[in-house]
file work-v6.cif (mmCIF, C-alpha atoms and all ligand atoms)
data_upload
loop_
_atom_site.group_PDB
_atom_site.id
_atom_site.type_symbol
_atom_site.label_atom_id
_atom_site.label_comp_id
_atom_site.auth_asym_id
_atom_site.auth_seq_id
_atom_site.Cartn_x
_atom_site.Cartn_y
_atom_site.Cartn_z
ATOM 1 C CA MET A 280 1.367 1.160 21.822
ATOM 2 C CA SER A 281 2.479 -0.670 24.911
ATOM 3 C CA TYR A 282 5.907 -1.697 23.647
ATOM 4 C CA ARG A 283 8.950 -0.166 21.987
ATOM 5 C CA ILE A 284 10.812 -1.995 19.223
ATOM 6 C CA ASN A 285 12.240 0.953 17.302
ATOM 7 C CA PRO A 286 13.569 4.384 18.313
ATOM 8 C CA TRP A 287 10.464 6.182 17.002
ATOM 9 C CA MET A 288 8.162 4.468 19.481
ATOM 10 C CA HIS A 289 7.538 6.047 22.892
ATOM 11 C CA PRO A 290 4.894 4.150 24.857
ATOM 12 C CA GLU A 291 4.861 6.996 27.403
ATOM 13 C CA ASN A 292 3.627 9.278 24.603
ATOM 14 C CA PRO A 293 1.194 6.994 22.789
ATOM 15 C CA THR A 294 -0.361 7.584 19.396
ATOM 16 C CA ASP A 295 -3.755 9.242 19.258
ATOM 17 C CA THR A 296 -5.782 6.410 17.731
ATOM 18 C CA PRO A 297 -8.591 8.506 16.152
ATOM 19 C CA LYS A 298 -5.981 10.780 14.598
ATOM 20 C CA ALA A 299 -3.934 7.841 13.301
ATOM 21 C CA LEU A 300 -7.088 6.298 11.861
ATOM 22 C CA ALA A 301 -8.024 9.567 10.139
ATOM 23 C CA GLN A 302 -4.576 9.807 8.529
ATOM 24 C CA TRP A 303 -4.717 6.166 7.471
ATOM 25 C CA THR A 304 -8.167 6.789 5.945
ATOM 26 C CA THR A 305 -6.796 9.711 3.950
ATOM 27 C CA LEU A 306 -4.068 7.427 2.626
ATOM 28 C CA LEU A 307 -6.690 4.856 1.635
ATOM 29 C CA GLU A 308 -8.790 7.512 -0.126
ATOM 30 C CA THR A 309 -5.724 8.851 -1.918
ATOM 31 C CA TYR A 310 -5.025 5.395 -3.335
ATOM 32 C CA GLN A 311 -8.663 4.979 -4.344
ATOM 33 C CA GLN A 312 -8.694 8.365 -6.079
ATOM 34 C CA LEU A 313 -5.661 7.236 -8.071
ATOM 35 C CA GLY A 314 -7.647 4.199 -9.219
ATOM 36 C CA ILE A 315 -5.572 1.744 -7.203
ATOM 37 C CA THR A 316 -7.454 -1.314 -5.940
ATOM 38 C CA VAL A 317 -6.981 -1.635 -2.197
ATOM 39 C CA HIS A 318 -7.760 -4.768 -0.208
ATOM 40 C CA LEU A 319 -7.964 -4.531 3.557
ATOM 41 C CA ILE A 320 -7.058 -6.968 6.308
ATOM 42 C CA ASP A 321 -9.018 -7.002 9.556
ATOM 43 C CA PRO A 322 -7.189 -5.625 12.579
ATOM 44 C CA VAL A 323 -6.522 -8.015 15.457
ATOM 45 C CA GLU A 324 -6.829 -6.941 19.079
ATOM 46 C CA GLY A 325 -3.417 -6.780 20.759
ATOM 47 C CA LEU A 326 -1.474 -6.402 17.489
ATOM 48 C CA PRO A 327 -1.283 -2.622 17.003
ATOM 49 C CA ASP A 328 1.660 -2.800 14.570
ATOM 50 C CA MET A 329 -0.484 -4.784 12.136
ATOM 51 C CA VAL A 330 -1.360 -1.445 10.535
ATOM 52 C CA TYR A 331 2.149 -1.549 9.049
ATOM 53 C CA ALA A 332 1.067 -4.025 6.389
ATOM 54 C CA ALA A 333 4.342 -3.878 4.468
ATOM 55 C CA ASN A 334 5.811 -6.219 7.054
ATOM 56 C CA GLY A 335 3.129 -8.877 6.594
ATOM 57 C CA GLY A 336 4.896 -10.666 3.763
ATOM 58 C CA PHE A 337 6.349 -10.202 0.305
ATOM 59 C CA VAL A 338 4.302 -10.871 -2.810
ATOM 60 C CA VAL A 339 5.830 -11.168 -6.274
ATOM 61 C CA ASP A 340 4.526 -13.129 -9.302
ATOM 62 C CA GLY A 341 1.512 -14.252 -7.278
ATOM 63 C CA ILE A 342 3.725 -15.945 -4.696
ATOM 64 C CA ALA A 343 3.463 -14.806 -1.082
ATOM 65 C CA TYR A 344 6.585 -15.358 1.006
ATOM 66 C CA SER A 345 5.534 -15.192 4.634
ATOM 67 C CA ALA A 346 6.959 -12.896 7.280
ATOM 68 C CA LYS A 347 8.789 -14.183 10.312
ATOM 69 C CA PHE A 348 9.140 -11.303 12.733
ATOM 70 C CA ARG A 349 12.263 -10.368 14.684
ATOM 71 C CA HIS A 350 10.328 -9.298 17.793
ATOM 72 C CA SER A 351 7.879 -11.526 19.635
ATOM 73 C CA GLU A 352 5.436 -8.603 19.981
ATOM 74 C CA ARG A 353 4.747 -8.799 16.254
ATOM 75 C CA GLY A 354 5.190 -12.564 15.824
ATOM 76 C CA PRO A 355 1.480 -13.482 15.666
ATOM 77 C CA GLU A 356 0.874 -11.064 12.778
ATOM 78 C CA ALA A 357 2.585 -13.455 10.363
ATOM 79 C CA ASP A 358 -0.176 -16.079 10.522
ATOM 80 C CA HIS A 359 -2.929 -13.510 10.056
ATOM 81 C CA TYR A 360 -1.251 -12.257 6.904
ATOM 82 C CA ALA A 361 -0.464 -15.796 5.678
ATOM 83 C CA ASN A 362 -4.140 -16.748 6.090
ATOM 84 C CA TRP A 363 -5.167 -13.633 4.209
ATOM 85 C CA PHE A 364 -2.840 -14.522 1.297
ATOM 86 C CA ALA A 365 -4.250 -18.056 1.166
ATOM 87 C CA ASP A 366 -7.852 -16.749 1.217
ATOM 88 C CA TYR A 367 -7.034 -14.471 -1.700
ATOM 89 C CA GLY A 368 -5.557 -17.334 -3.718
ATOM 90 C CA PHE A 369 -1.869 -16.528 -3.518
ATOM 91 C CA ALA A 370 0.563 -19.450 -3.543
ATOM 92 C CA SER A 371 2.173 -19.272 -0.117
ATOM 93 C CA VAL A 372 5.690 -20.116 0.915
ATOM 94 C CA ASP A 373 6.433 -20.322 4.641
ATOM 95 C CA ALA A 374 9.661 -18.541 5.496
ATOM 96 C CA THR A 375 12.211 -20.451 7.532
ATOM 97 C CA GLU A 376 14.379 -17.340 7.958
ATOM 98 C CA VAL A 377 13.565 -14.239 10.004
ATOM 99 C CA ASN A 378 12.258 -11.535 7.682
ATOM 100 C CA GLU A 379 9.874 -8.580 7.818
ATOM 101 C CA GLY A 380 8.492 -8.767 4.304
ATOM 102 C CA GLU A 381 8.326 -5.761 2.089
ATOM 103 C CA GLY A 382 9.711 -3.617 4.883
ATOM 104 C CA ASP A 383 13.116 -5.047 3.963
ATOM 105 C CA PHE A 384 12.585 -6.319 0.398
ATOM 106 C CA LEU A 385 11.973 -4.001 -2.530
ATOM 107 C CA PRO A 386 11.791 -5.096 -6.173
ATOM 108 C CA VAL A 387 13.381 -2.747 -8.710
ATOM 109 C CA GLY A 388 12.666 -4.047 -12.201
ATOM 110 C CA GLU A 389 13.904 -7.624 -12.273
ATOM 111 C CA ILE A 390 16.083 -7.474 -9.173
ATOM 112 C CA ILE A 391 15.182 -7.447 -5.510
ATOM 113 C CA LEU A 392 16.975 -5.137 -3.070
ATOM 114 C CA ALA A 393 17.031 -6.756 0.361
ATOM 115 C CA ALA A 394 18.240 -5.406 3.677
ATOM 116 C CA HIS A 395 19.573 -6.910 6.861
ATOM 117 C CA GLY A 396 21.116 -5.353 9.944
ATOM 118 C CA PHE A 397 18.135 -4.818 12.243
ATOM 119 C CA ARG A 398 15.125 -6.930 11.359
ATOM 120 C CA SER A 399 15.496 -9.426 8.495
ATOM 121 C CA ASP A 400 18.319 -11.980 8.675
ATOM 122 C CA GLN A 401 20.663 -12.202 5.742
ATOM 123 C CA GLY A 402 19.657 -15.857 5.353
ATOM 124 C CA SER A 403 16.268 -14.658 4.143
ATOM 125 C CA HIS A 404 17.965 -13.091 1.116
ATOM 126 C CA LYS A 405 19.145 -16.532 -0.039
ATOM 127 C CA GLU A 406 15.669 -17.867 0.601
ATOM 128 C CA LEU A 407 14.200 -15.074 -1.552
ATOM 129 C CA GLU A 408 16.465 -16.033 -4.421
ATOM 130 C CA THR A 409 15.265 -19.627 -4.247
ATOM 131 C CA VAL A 410 11.587 -18.749 -3.886
ATOM 132 C CA PHE A 411 11.400 -16.108 -6.626
ATOM 133 C CA GLY A 412 14.298 -17.085 -8.910
ATOM 134 C CA LYS A 413 15.477 -13.495 -9.081
ATOM 135 C CA GLU A 414 18.746 -11.761 -8.370
ATOM 136 C CA VAL A 415 18.817 -10.451 -4.818
ATOM 137 C CA VAL A 416 21.138 -7.597 -3.840
ATOM 138 C CA SER A 417 21.942 -7.615 -0.109
ATOM 139 C CA LEU A 418 22.327 -4.290 1.649
ATOM 140 C CA LYS A 419 23.268 -3.624 5.243
ATOM 141 C CA LEU A 420 21.427 -1.027 7.305
ATOM 142 C CA VAL A 421 23.395 0.651 10.103
ATOM 143 C CA ARG A 422 21.176 3.369 11.616
ATOM 144 C CA PRO A 423 18.609 2.257 14.215
ATOM 145 C CA ASP A 424 16.183 5.017 13.167
ATOM 146 C CA PHE A 425 16.199 3.603 9.615
ATOM 147 C CA TYR A 426 15.760 0.003 10.635
ATOM 148 C CA HIS A 427 13.772 -1.231 7.622
ATOM 149 C CA LEU A 428 14.867 -0.854 4.001
ATOM 150 C CA ASP A 429 11.670 1.028 3.135
ATOM 151 C CA THR A 430 12.536 3.772 5.629
ATOM 152 C CA ALA A 431 15.854 4.453 3.888
ATOM 153 C CA LEU A 432 15.227 3.711 0.225
ATOM 154 C CA ALA A 433 12.360 4.366 -2.175
ATOM 155 C CA VAL A 434 11.694 2.706 -5.518
ATOM 156 C CA LEU A 435 10.188 5.185 -7.974
ATOM 157 C CA ASP A 436 10.189 3.056 -11.121
ATOM 158 C CA ASP A 437 12.062 0.105 -12.642
ATOM 159 C CA GLU A 438 15.284 2.130 -12.849
ATOM 160 C CA THR A 439 14.918 5.002 -10.440
ATOM 161 C CA ILE A 440 15.476 4.895 -6.720
ATOM 162 C CA SER A 441 16.026 7.458 -3.993
ATOM 163 C CA TYR A 442 17.905 6.743 -0.772
ATOM 164 C CA LEU A 443 19.655 8.069 2.295
ATOM 165 C CA PRO A 444 23.300 6.954 1.984
ATOM 166 C CA SER A 445 24.138 7.230 5.705
ATOM 167 C CA ALA A 446 21.542 4.560 6.518
ATOM 168 C CA PHE A 447 23.764 1.951 4.793
ATOM 169 C CA ASP A 448 27.247 0.613 5.501
ATOM 170 C CA GLN A 449 30.127 1.677 3.240
ATOM 171 C CA GLN A 450 29.988 -1.398 1.047
ATOM 172 C CA SER A 451 26.246 -1.112 0.487
ATOM 173 C CA GLN A 452 26.632 2.582 -0.346
ATOM 174 C CA LYS A 453 29.102 1.592 -3.044
ATOM 175 C CA VAL A 454 26.795 -1.113 -4.411
ATOM 176 C CA LEU A 455 23.929 1.386 -4.627
ATOM 177 C CA ALA A 456 26.076 4.094 -6.215
ATOM 178 C CA ASP A 457 27.305 1.620 -8.855
ATOM 179 C CA LEU A 458 23.857 0.216 -9.617
ATOM 180 C CA TYR A 459 22.004 3.550 -9.557
ATOM 181 C CA PRO A 460 24.307 6.419 -10.530
ATOM 182 C CA ASP A 461 21.257 8.611 -11.227
ATOM 183 C CA ALA A 462 19.529 7.969 -7.921
ATOM 184 C CA ILE A 463 17.949 10.847 -6.051
ATOM 185 C CA ILE A 464 20.020 11.292 -2.898
ATOM 186 C CA ALA A 465 17.675 12.136 -0.045
ATOM 187 C CA GLU A 466 18.459 14.741 2.562
ATOM 188 C CA GLU A 467 18.397 14.014 6.254
ATOM 189 C CA LYS A 468 15.483 16.367 6.987
ATOM 190 C CA ASP A 469 13.206 14.679 4.452
ATOM 191 C CA ALA A 470 14.259 11.196 5.517
ATOM 192 C CA ALA A 471 13.471 12.199 9.116
ATOM 193 C CA TRP A 472 9.802 12.553 8.089
ATOM 194 C CA LEU A 473 10.089 9.116 6.503
ATOM 195 C CA GLY A 474 9.811 10.845 3.141
ATOM 196 C CA LEU A 475 11.461 7.824 1.535
ATOM 197 C CA ASN A 476 8.724 5.613 2.907
ATOM 198 C CA LEU A 477 6.615 6.261 -0.175
ATOM 199 C CA PHE A 478 4.440 4.465 -2.681
ATOM 200 C CA SER A 479 5.044 4.811 -6.416
ATOM 201 C CA ASN A 480 3.247 3.189 -9.346
ATOM 202 C CA GLY A 481 5.986 4.380 -11.681
ATOM 203 C CA ALA A 482 4.239 7.663 -12.508
ATOM 204 C CA GLN A 483 2.370 8.773 -9.405
ATOM 205 C CA VAL A 484 3.985 8.968 -5.991
ATOM 206 C CA VAL A 485 2.211 9.101 -2.634
ATOM 207 C CA MET A 486 4.469 10.442 0.121
ATOM 208 C CA ALA A 487 4.739 12.375 3.383
ATOM 209 C CA THR A 488 3.489 15.981 3.236
ATOM 210 C CA GLN A 489 6.434 17.248 5.262
ATOM 211 C CA ALA A 490 9.198 15.879 2.998
ATOM 212 C CA THR A 491 9.040 18.909 0.728
ATOM 213 C CA GLY A 492 12.618 18.874 -0.583
ATOM 214 C CA LEU A 493 12.383 15.251 -1.611
ATOM 215 C CA ALA A 494 8.976 15.871 -3.196
ATOM 216 C CA ASN A 495 10.523 18.613 -5.353
ATOM 217 C CA SER A 496 13.374 16.352 -6.459
ATOM 218 C CA ILE A 497 10.908 13.600 -7.341
ATOM 219 C CA ARG A 498 8.696 16.009 -9.295
ATOM 220 C CA ALA A 499 11.761 17.254 -11.166
ATOM 221 C CA ARG A 500 12.163 13.695 -12.509
ATOM 222 C CA GLY A 501 8.683 13.809 -13.996
ATOM 223 C CA PHE A 502 6.645 12.040 -11.327
ATOM 224 C CA GLU A 503 3.342 13.383 -10.064
ATOM 225 C CA VAL A 504 3.397 13.745 -6.285
ATOM 226 C CA PHE A 505 0.437 13.323 -3.912
ATOM 227 C CA ARG A 506 1.078 14.230 -0.300
ATOM 228 C CA VAL A 507 -0.436 12.779 2.842
ATOM 229 C CA ASP A 508 0.198 13.661 6.467
ATOM 230 C CA MET A 509 1.259 10.490 8.290
ATOM 231 C CA SER A 510 2.666 12.255 11.375
ATOM 232 C CA GLU A 511 0.642 10.170 13.842
ATOM 233 C CA LEU A 512 1.653 6.872 12.232
ATOM 234 C CA LEU A 513 5.229 8.136 12.375
ATOM 235 C CA LEU A 514 5.080 7.741 16.162
ATOM 236 C CA GLY A 515 5.044 3.995 15.566
ATOM 237 C CA GLY A 516 7.986 4.291 13.186
ATOM 238 C CA GLY A 517 6.090 3.985 9.912
ATOM 239 C CA GLY A 518 4.761 6.085 7.057
ATOM 240 C CA VAL A 519 2.981 5.687 3.725
ATOM 241 C CA LYS A 520 4.897 2.658 2.507
ATOM 242 C CA CYS A 521 4.853 0.853 5.848
ATOM 243 C CA CYS A 522 1.062 0.955 5.760
ATOM 244 C CA THR A 523 1.051 -0.552 2.262
ATOM 245 C CA LEU A 524 1.797 -4.087 1.077
ATOM 246 C CA GLU A 525 1.901 -4.415 -2.683
ATOM 247 C CA LEU A 526 0.209 -7.447 -4.181
ATOM 248 C CA ARG A 527 2.034 -8.318 -7.390
ATOM 249 C CA PRO A 528 -0.013 -10.897 -9.308
HETATM 250 N N1 LIG A 601 6.353 -0.291 14.877
HETATM 251 C C1 LIG A 601 6.657 -1.045 13.705
HETATM 252 C C2 LIG A 601 7.921 -1.852 13.919
HETATM 253 O O1 LIG A 601 8.824 -1.372 14.571
HETATM 254 C C3 LIG A 601 6.780 -0.151 12.507
HETATM 255 C C4 LIG A 601 6.948 -0.880 11.220
HETATM 256 C C5 LIG A 601 7.142 0.020 10.056
HETATM 257 N N2 LIG A 601 7.092 -0.690 8.835
HETATM 258 C C6 LIG A 601 7.940 -0.559 7.825
HETATM 259 N N3 LIG A 601 7.696 -1.216 6.738
HETATM 260 N N4 LIG A 601 9.029 0.150 7.919
HETATM 261 O O2 LIG A 601 8.029 -2.972 13.513
#
call {"tool": "encode", "arguments": {"input": "work-v6.cif", "output": "structure tokens"}}
result
Amino acid sequence: MSYRINPWMHPENPTDTPKALAQWTTLLETYQQLGITVHLIDPVEGLPDMVYAANGGFVVDGIAYSAKFRHSERGPEADHYANWFADYGFASVDATEVNEGEGDFLPVGEIILAAHGFRSDQGSHKELETVFGKEVVSLKLVRPDFYHLDTALAVLDDETISYLPSAFDQQSQKVLADLYPDAIIAEEKDAAWLGLNLFSNGAQVVMATQATGLANSIRARGFEVFRVDMSELLLGGGGVKCCTLELRP
């Protein structure tokens, strides 16, 4: 990494590429062992953050809403993802508002939770409503180390979420508490491993090895947990979920 756009990134202490690739491959194999179909996108020279596929767009009901990145370093990724969506037959909508895709937008049942504060502009939340015809709940992130929604909040199934309250402003904390009184409240030490940056298919959860407390709480709710070590990818500020973009037909 030659640039720094979040507090996790330290260009003076760069990621070990073979190690990052090995961890990413384990994630891929974990998905495949769970019977999940995984499509890949080709990497592009000079765009190292492209590995964090969650930011490449937002796909619901077969419609792909394109990303429009906050930082110029990642700007060119948007077209590569948009071309990929078109090649795979998704109906594409070009975003006019700044947004970082599924990094900041998470569907929970019929509603979409959407964040602003660091990366996506709040205007993109309105745009989401128009594009997908769904209710969008806007949340404000306040901690620079939890700059994307998917670093601070995990969707486990259509009703169950887990989150780190201190990552949100007071009003958003109240909205979340009202909407999800049974949410699993994450602890700082698990969130610090990006434990909330997880993938769930509603029954099976893939998450960071080191977030042991959170894993126990998730298991206690009846989910099966599969752990992967994403420590090298963490140096870029991403974990399991950041490396995953869900394609909802
Ligand atoms: N280095 C990337 C960035 O700062 C990490 C993105 C992580 N992705 C995510 N969905 N949280 O943009």
call {"tool": "residues_around", "arguments": {"input": "work-v6.cif", "residues": "A:Asp437", "least_positions_apart": "4", "cutoff": "8 Å", "atoms": "only C-alpha atoms", "output": "PDB file with C-alpha atoms, in the frame of the given file"}}
result
ATOM      1  CA  VAL A 387      13.381  -2.747  -8.710  1.00  0.00           C
ATOM      2  CA  GLY A 388      12.666  -4.047 -12.201  1.00  0.00           C
ATOM      3  CA  GLU A 389      13.904  -7.624 -12.273  1.00  0.00           C
ATOM      4  CA  GLY A 481       5.986   4.380 -11.681  1.00  0.00           C
TER       5      GLY A 481
END
call {"tool": "residues_near_ligand", "arguments": {"input": "work-v6.cif", "ligand": "ligand LIG 601 (chain A)", "cutoff": "8 Å", "atoms": "all atoms listed in the file", "output": "MDAnalysis selection string"}}
result
chainID A and resid 283:285 287:288 328 331:334 350 353 379:383 426:430 476 515:518 520:522
call {"tool": "write_last_selection", "arguments": {"input": "work-v6.cif", "atoms": "C-alpha atoms", "output": "JSON list (two decimals), keeping the file's coordinate frame"}}
result
[["chain", "number", "residue", "atom", "x", "y", "z"],
["A", 283, "ARG", "CA", 8.95, -0.17, 21.99],
["A", 284, "ILE", "CA", 10.81, -2.00, 19.22],
["A", 285, "ASN", "CA", 12.24, 0.95, 17.30],
["A", 287, "TRP", "CA", 10.46, 6.18, 17.00],
["A", 288, "MET", "CA", 8.16, 4.47, 19.48],
["A", 328, "ASP", "CA", 1.66, -2.80, 14.57],
["A", 331, "TYR", "CA", 2.15, -1.55, 9.05],
["A", 332, "ALA", "CA", 1.07, -4.03, 6.39],
["A", 333, "ALA", "CA", 4.34, -3.88, 4.47],
["A", 334, "ASN", "CA", 5.81, -6.22, 7.05],
["A", 350, "HIS", "CA", 10.33, -9.30, 17.79],
["A", 353, "ARG", "CA", 4.75, -8.80, 16.25],
["A", 379, "GLU", "CA", 9.87, -8.58, 7.82],
["A", 380, "GLY", "CA", 8.49, -8.77, 4.30],
["A", 381, "GLU", "CA", 8.33, -5.76, 2.09],
["A", 382, "GLY", "CA", 9.71, -3.62, 4.88],
["A", 383, "ASP", "CA", 13.12, -5.05, 3.96],
["A", 426, "TYR", "CA", 15.76, 0.00, 10.64],
["A", 427, "HIS", "CA", 13.77, -1.23, 7.62],
["A", 428, "LEU", "CA", 14.87, -0.85, 4.00],
["A", 429, "ASP", "CA", 11.67, 1.03, 3.14],
["A", 430, "THR", "CA", 12.54, 3.77, 5.63],
["A", 476, "ASN", "CA", 8.72, 5.61, 2.91],
["A", 515, "GLY", "CA", 5.04, 4.00, 15.57],
["A", 516, "GLY", "CA", 7.99, 4.29, 13.19],
["A", 517, "GLY", "CA", 6.09, 3.98, 9.91],
["A", 518, "GLY", "CA", 4.76, 6.08, 7.06],
["A", 520, "LYS", "CA", 4.90, 2.66, 2.51],
["A", 521, "CYS", "CA", 4.85, 0.85, 5.85],
["A", 522, "CYS", "CA", 1.06, 0.96, 5.76]]
call {"tool": "residues_around", "arguments": {"input": "work-v6.cif", "residues": "stretch 403-418 of chain A", "least_positions_apart": "6", "cutoff": "9 Å", "atoms": "only C-alpha atoms", "output": "list in words"}}
result
Val339, Asp340, Ile342, Tyr344, Val372, Ala374, Thr375, Glu376, Val377, Asn378, Phe384, Pro386, Glu389, Ile390, Ile391, Leu392, Ala393, Ala394, His395, Gly396, Leu428, Phe447, Asp448, Gln450, Ser451, Gln452, Val454 and Leu455 of chain A
call {"tool": "residues_around", "arguments": {"input": "work-v6.cif", "residues": "A:Asn292", "least_positions_apart": "6", "cutoff": "12 Å", "atoms": "only C-alpha atoms", "output": "count of residues only"}}
result
7
call {"tool": "residues_around", "arguments": {"input": "work-v6.cif", "residues": "stretch 431-436 of chain A", "least_positions_apart": "5", "cutoff": "8 Å", "atoms": "all atoms listed in the file", "output": "list in words"}}
result
Leu385, Pro386, Val387, Gly388, Phe425, Ser441, Tyr442, Leu443, Ala446, Ala470, Leu473, Leu475, Asn476, Leu477, Phe478, Ser479, Asn480, Gly481, Ala482 and Val484 of chain A
call {"tool": "closest_residue", "arguments": {"input": "work-v6.cif", "among": "A:Leu512, A:Ile440, A:Ala370, A:Leu526", "to": "A:Val317", "atoms": "all atoms listed in the file"}}
result
A:Leu526
call {"tool": "resolve_selection", "arguments": {"input": "work-v6.cif", "expression": "the PyMOL selection byres (((chain A and resi 487) around 6) and not hetatm)", "output": "CSV table (one decimal) with C-alpha atoms, keeping the file's coordinate frame"}}
result
chain,number,residue,atom,x,y,z
A,474,GLY,CA,9.8,10.8,3.1
A,486,MET,CA,4.5,10.4,0.1
A,488,THR,CA,3.5,16.0,3.2
A,489,GLN,CA,6.4,17.2,5.3
A,490,ALA,CA,9.2,15.9,3.0
A,506,ARG,CA,1.1,14.2,-0.3
A,507,VAL,CA,-0.4,12.8,2.8
A,508,ASP,CA,0.2,13.7,6.5
call {"tool": "atom_distance", "arguments": {"input": "work-v6.cif", "atom1": "atom CA of A:Pro423", "atom2": "atom CA of A:Pro286"}}
result
6.8 Å
call {"tool": "axis_aligned_box", "arguments": {"input": "work-v6.cif", "around": "stretch 296-310 of chain A", "padding_each_side": "3 Å", "output": "JSON"}}
result
{"center_x": -6.4, "center_y": 7.8, "center_z": 7.2, "size_x": 10.9, "size_y": 11.9, "size_z": 27.1}
call {"tool": "resolve_selection", "arguments": {"input": "work-v6.cif", "expression": "the PyMOL selection byres (((chain A and resi 321) around 12) and not hetatm)", "output": "JSON, numbers by chain"}}
result
{"A": [318, 319, 320, 322, 323, 324, 326, 327, 329, 330, 332, 356, 359, 360, 362, 363]}
call {"tool": "residues_around", "arguments": {"input": "work-v6.cif", "residues": "A:Ala301", "least_positions_apart": "3", "cutoff": "12 Å", "atoms": "all atoms listed in the file", "output": "number ranges by chain"}}
result
A: 295-298, 304-308, 507-512
call {"tool": "write_last_selection", "arguments": {"input": "work-v6.cif", "atoms": "C-alpha atoms", "output": "PDB file, keeping the file's coordinate frame"}}
result
ATOM      1  CA  ASP A 295      -3.755   9.242  19.258  1.00  0.00           C
ATOM      2  CA  THR A 296      -5.782   6.410  17.731  1.00  0.00           C
ATOM      3  CA  PRO A 297      -8.591   8.506  16.152  1.00  0.00           C
ATOM      4  CA  LYS A 298      -5.981  10.780  14.598  1.00  0.00           C
ATOM      5  CA  THR A 304      -8.167   6.789   5.945  1.00  0.00           C
ATOM      6  CA  THR A 305      -6.796   9.711   3.950  1.00  0.00           C
ATOM      7  CA  LEU A 306      -4.068   7.427   2.626  1.00  0.00           C
ATOM      8  CA  LEU A 307      -6.690   4.856   1.635  1.00  0.00           C
ATOM      9  CA  GLU A 308      -8.790   7.512  -0.126  1.00  0.00           C
ATOM     10  CA  VAL A 507      -0.436  12.779   2.842  1.00  0.00           C
ATOM     11  CA  ASP A 508       0.198  13.661   6.467  1.00  0.00           C
ATOM     12  CA  MET A 509       1.259  10.490   8.290  1.00  0.00           C
ATOM     13  CA  SER A 510       2.666  12.255  11.375  1.00  0.00           C
ATOM     14  CA  GLU A 511       0.642  10.170  13.842  1.00  0.00           C
ATOM     15  CA  LEU A 512       1.653   6.872  12.232  1.00  0.00           C
TER      16      LEU A 512
END
call {"tool": "closest_residue", "arguments": {"input": "work-v6.cif", "among": "A:Gln483, A:Tyr459, A:Thr491, A:Pro444", "to": "A:Ile315", "atoms": "all atoms listed in the file"}}
result
A:Gln483
call {"tool": "closest_residue", "arguments": {"input": "work-v6.cif", "among": "A:Gly354, A:Gly336, A:Gly325, A:Gly314", "to": "A:Leu524", "atoms": "all atoms listed in the file"}}
result
A:Gly336
call {"tool": "atom_distance", "arguments": {"input": "work-v6.cif", "atom1": "atom CA of A:Gly335", "atom2": "atom CA of A:Trp472"}}
result
22.5 Å
call {"tool": "atom_distance", "arguments": {"input": "work-v6.cif", "atom1": "atom CA of A:Ala471", "atom2": "atom CA of A:Ser399"}}
result
21.7 Å
call {"tool": "decode", "arguments": {"input": "work-v6.cif", "residues": "stretch 307-329 of chain A", "atoms": "C-alpha atoms", "output": "mmCIF file, in the first residue's frame"}}
result
data_model
loop_
_atom_site.group_PDB
_atom_site.id
_atom_site.type_symbol
_atom_site.label_atom_id
_atom_site.label_comp_id
_atom_site.auth_asym_id
_atom_site.auth_seq_id
_atom_site.Cartn_x
_atom_site.Cartn_y
_atom_site.Cartn_z
ATOM 1 C CA LEU A 307 -12.406 -18.219 -0.522
ATOM 2 C CA GLU A 308 -12.041 -21.911 0.370
ATOM 3 C CA THR A 309 -14.178 -21.447 3.473
ATOM 4 C CA TYR A 310 -16.989 -20.031 1.343
ATOM 5 C CA GLN A 311 -16.619 -22.854 -1.173
ATOM 6 C CA GLN A 312 -16.730 -25.480 1.577
ATOM 7 C CA LEU A 313 -19.992 -23.929 2.760
ATOM 8 C CA GLY A 314 -21.395 -24.408 -0.745
ATOM 9 C CA ILE A 315 -21.458 -20.693 -1.518
ATOM 10 C CA THR A 316 -20.889 -19.788 -5.171
ATOM 11 C CA VAL A 317 -18.059 -17.286 -5.429
ATOM 12 C CA HIS A 318 -17.329 -15.199 -8.510
ATOM 13 C CA LEU A 319 -14.004 -13.422 -8.761
ATOM 14 C CA ILE A 320 -13.001 -10.118 -10.310
ATOM 15 C CA ASP A 321 -9.551 -9.685 -11.827
ATOM 16 C CA PRO A 322 -7.170 -7.484 -9.861
ATOM 17 C CA VAL A 323 -5.951 -4.297 -11.534
ATOM 18 C CA GLU A 324 -2.379 -3.080 -11.189
ATOM 19 C CA GLY A 325 -2.200 0.076 -9.066
ATOM 20 C CA LEU A 326 -5.527 -0.551 -7.292
ATOM 21 C CA PRO A 327 -4.520 -2.545 -4.199
ATOM 22 C CA ASP A 328 -7.744 -1.764 -2.299
ATOM 23 C CA MET A 329 -9.750 -3.562 -4.980
#
